[in-house]
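**Q** Quick one: the structure is below, and I'll ask about it shortly.
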Amino acid sequence: MKKILALLLAVVMVFALAACGSSSSAPAATAAPAAEAPAAEEAPAAAETKVAVFWYAASDAYLSTVRAALDADLEAAGIAYQDFDGNNNQGTQLEQVQTAVTNGFNVLVVNLVTSGSADAAQQIISAAGDLPVIFFNRAVEGDGEEGTVLNGNDNIAFIGTDAPEAGHMQGKMIGDYLVANYEDVDINGDGEISYAMFMGDASNVEAIYRTQYGVEDANAVLTAAGYPELVYFNASNTDKYQLDPNGAWSSAAGNEFMSTNLAEYSEANGNMIELVIANNDDMALGAMAALQGAGYNDGNGRMIPIFGVDATQPAQDAIAAGGMTGTVKQDAQGMADAICAAVAAIAGGSSVLDASAAVADSADIYSMAEGFNNKIFVAYAPFTA
């Protein structure tokens, strides 16, 4: 009997992944490992499923790409859904969840506003009651609190990324680039590379690790090759980053900071910023626009290397045009596909845990986080011209 049920689960996942599309970097779906699927009546049938998708902020550039992909996936799978914009307010999002539950939505997909807040996640879970909840993209537990929300709760899952991975990948990319182009990047010829760092959100674990490892790992590559470590451009800033005050990871913040910096730090003054590291592509693009306004990164003059994270289409276009140097791909389509496949499996009768296991095993870009049975990682990848 267990073998029959396991086969049925595998079939459900194959159809779910096919209906939800597939990431361009993902191979064909494979059968999930043997697991006993619950009876179909324990979960809403696909035709009865109403999915509420809660976004921390509709204005976020990367998440707008995920939203477009997820909307298309859910429509292709024939699953009814509605998007809700939290407008970067956790209280607003909680009220939206409570209203959605009252209005009969029976699967909740949540992009938590307050990233890394176990308290905020628990409030969402309490409001959901017995309904399945799939958190995604923004962490539900803080650094050092792994498992406090996810472990022991069989009706919730998380689909996102391994937070340190992007920082490590960005740092190595930067280090490798500098080793290959050191003399060109060192504009004032002082033997050191001065850098600016733009941080998206002080409390977001992704931002914390990108800020840390983007520099640490670049320094490791540089020192191994016999070069000195990076030097932050403004010695009086002991934080060694400039923070988007609204936690919005915005191009406006990146542009404003870089424009202000250039008024004091320039080639004429002998202290030009020689490298820009940003937590995401939007901030990187904002910095690029400021540099272009000063005659850099436009294909006609000196290039200040700029590195971001996300590989949004505008960033890819900027890299192709020579305005940016590199970024780290955060697979928007792959994340949307995983969310849709999990929802479709739940709608077809699978438990949240069985759906999680099947998604994690469905393609090489997915993996289950060590020590968890409901935390799925979508792999990052470096992106350069």
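Naming scheme: A, B, ... for chains in displayed order of the structure tokens; residues 1 onward per chain; ligands 1 onward as shown.
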At a cut-off of 8 Å, can you tabulate as CSV every residue of segment 43-143 of chain A near segment 304-319 of chain A together with its closest atom pair and the distance in Å to one decimal, using only C-alpha atoms and ordering rows by chain then number?
**A**
residue,atom,partner,partner_atom,distance
A:Ala61,CA,A:Thr312,CA,7.7
A:Tyr62,CA,A:Thr312,CA,6.3
A:Thr65,CA,A:Thr312,CA,7.8
**Q** Store the residues of this selection in a file with N, CA and C atoms, as a PDB file, in the first residue's frame.
**A**
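New file selection.pdb:
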ATOM      1  N   ALA A  61      12.112  45.185  -6.790  1.00  0.00           N
ATOM      2  CA  ALA A  61      12.401  44.846  -8.187  1.00  0.00           C
ATOM      3  C   ALA A  61      12.549  43.345  -8.401  1.00  0.00           C
ATOM      4  N   TYR A  62      13.340  42.677  -7.557  1.00  0.00           N
ATOM      5  CA  TYR A  62      13.522  41.234  -7.725  1.00  0.00           C
ATOM      6  C   TYR A  62      12.211  40.491  -7.507  1.00  0.00           C
ATOM      7  N   THR A  65       9.692  40.245 -10.236  1.00  0.00           N
ATOM      8  CA  THR A  65       9.978  39.192 -11.218  1.00  0.00           C
ATOM      9  C   THR A  65       9.447  37.851 -10.722  1.00  0.00           C
TER      10      THR A  65
END
**Q** May I ask which of the residues A:Ala252, A:Ala139, A:Val133, A:Leu262 is the closest one to Phe54 of chain A, counting only C-alpha atoms?
**A**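 Under the stated criterion, the closest residue is A:Val133.
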**Q** Pull the strand (DSSP E) assignments for segment 42-224 of chain A out of DSSP run on the backbone, and list those residues as a ChimeraX atom specification.
**A** /A:50-55,80-85,107-110,133-136,156-160,194-199
**Q** Now that the selection is made, can you save its residues with C-alpha atoms as an mmCIF file, in the first residue's frame?
**A**
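Here's the written file out_1.cif:
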data_model
loop_
_atom_site.group_PDB
_atom_site.id
_atom_site.type_symbol
_atom_site.label_atom_id
_atom_site.label_comp_id
_atom_site.auth_asym_id
_atom_site.auth_seq_id
_atom_site.Cartn_x
_atom_site.Cartn_y
_atom_site.Cartn_z
ATOM 1 C CA LYS A 50 -7.763 29.455 -2.953
ATOM 2 C CA VAL A 51 -4.232 30.708 -2.525
ATOM 3 C CA ALA A 52 -3.429 34.020 -0.853
ATOM 4 C CA VAL A 53 0.059 35.296 -1.722
ATOM 5 C CA PHE A 54 1.430 37.987 0.577
ATOM 6 C CA TRP A 55 4.332 40.173 -0.652
ATOM 7 C CA ALA A 80 -7.133 30.412 -7.940
ATOM 8 C CA TYR A 81 -5.004 33.018 -6.193
ATOM 9 C CA GLN A 82 -4.856 36.637 -5.054
ATOM 10 C CA ASP A 83 -1.803 38.818 -4.404
ATOM 11 C CA PHE A 84 -1.595 41.116 -1.361
ATOM 12 C CA ASP A 85 0.893 43.988 -0.966
ATOM 13 C CA VAL A 107 -3.377 27.992 1.381
ATOM 14 C CA LEU A 108 -1.190 30.909 2.483
ATOM 15 C CA VAL A 109 2.050 31.846 0.702
ATOM 16 C CA VAL A 110 3.915 34.478 2.713
ATOM 17 C CA VAL A 133 1.601 28.140 5.162
ATOM 18 C CA ILE A 134 4.500 28.385 2.730
ATOM 19 C CA PHE A 135 6.925 31.138 3.670
ATOM 20 C CA PHE A 136 9.319 32.213 0.945
ATOM 21 C CA ILE A 156 4.507 25.083 7.325
ATOM 22 C CA ALA A 157 7.451 25.223 4.926
ATOM 23 C CA PHE A 158 10.050 27.705 3.715
ATOM 24 C CA ILE A 159 11.278 28.135 0.150
ATOM 25 C CA GLY A 160 14.175 30.533 -0.244
ATOM 26 C CA SER A 194 38.947 51.650 -2.077
ATOM 27 C CA TYR A 195 35.342 50.463 -2.092
ATOM 28 C CA ALA A 196 31.822 51.584 -1.266
ATOM 29 C CA MET A 197 29.268 49.150 0.170
ATOM 30 C CA PHE A 198 25.510 49.658 -0.095
ATOM 31 C CA MET A 199 23.416 47.646 2.387
#
**Q** Mind checking DSSP for segment 119-346 of chain A and telling me the helix (DSSP H, G or I) residues as a PyMOL selection string?
**A** chain A and resi 119-128+163-185+205-224+251-264+281-293+313-321+332-346
**Q** Identify which of the residues A:Thr384, A:Asn188, A:Asn137, A:Asn106 lies closest to Thr49 of chain A, counting only C-alpha atoms when measuring atom-to-atom distances.
**A**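 Smallest separation from Thr49 of chain A among the options: A:Asn106.
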**Q** Find the residues near Thr102 of chain A: any atom within 12 Å, counting only C-alpha atoms, skip ones fewer than 3 places away on the same chain, and give them as an NGL selection string.
**A** :A and (52 or 95-99 or 105-106 or 127-129 or 131)
**Q** Please produce an output containing N, CA and C atoms for each residue in the selection, written as a CSV table (one decimal), in the first residue's frame.
**A**
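Below is the file that was written, out-v1.csv:
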chain,number,residue,atom,x,y,z
A,52,ALA,N,-3.7,32.6,-1.1
A,52,ALA,CA,-3.4,34.0,-0.9
A,52,ALA,C,-1.9,34.2,-0.8
A,95,GLU,N,-2.8,41.8,9.2
A,95,GLU,CA,-4.2,42.1,9.0
A,95,GLU,C,-4.7,41.5,7.7
A,96,GLN,N,-3.9,41.5,6.7
A,96,GLN,CA,-4.2,40.9,5.4
A,96,GLN,C,-4.4,39.4,5.5
A,97,VAL,N,-3.5,38.8,6.3
A,97,VAL,CA,-3.6,37.4,6.5
A,97,VAL,C,-4.9,37.0,7.2
A,98,GLN,N,-5.2,37.7,8.3
A,98,GLN,CA,-6.4,37.5,9.0
A,98,GLN,C,-7.7,37.6,8.2
A,99,THR,N,-7.7,38.7,7.3
A,99,THR,CA,-8.8,38.9,6.4
A,99,THR,C,-8.9,37.8,5.4
A,105,PHE,N,-9.7,31.8,2.0
A,105,PHE,CA,-8.4,31.4,1.4
A,105,PHE,C,-7.9,30.2,2.2
A,106,ASN,N,-7.4,29.2,1.6
A,106,ASN,CA,-7.1,28.0,2.4
A,106,ASN,C,-5.6,27.5,2.2
A,127,ALA,N,-2.4,33.1,13.1
A,127,ALA,CA,-3.6,33.6,12.3
A,127,ALA,C,-4.1,32.6,11.3
A,128,ALA,N,-3.2,31.8,10.8
A,128,ALA,CA,-3.5,30.7,9.8
A,128,ALA,C,-4.3,29.6,10.4
A,129,GLY,N,-4.1,29.3,11.7
A,129,GLY,CA,-4.7,28.2,12.3
A,129,GLY,C,-4.2,26.9,11.7
A,131,LEU,N,-4.4,26.0,8.6
A,131,LEU,CA,-4.1,26.1,7.2
A,131,LEU,C,-2.6,25.9,6.9
**Q** If we count only C-alpha atoms and set the cut-off at 10 Å, which residues sit around Pro164 of chain A, ignoring sequence neighbours fewer than 4 positions away in its own chain? Please answer as number ranges by chain.
**A** A: 168-169, 205-214
**Q** Which residues come within 12 Å of Asn297 of chain A, counting only C-alpha atoms, excluding same-chain residues fewer than 5 positions away, as a ChimeraX atom specification?
**A** /A:274-276,285,287-292,302-306,318-325
**Q** I'd like the contact shell of Asp176 of chain A - 7 Å cut-off, only C-alpha atoms, skipping same-chain residues fewer than 4 positions apart - returned as a PyMOL selection string.
**A** chain A and resi 172+180+221
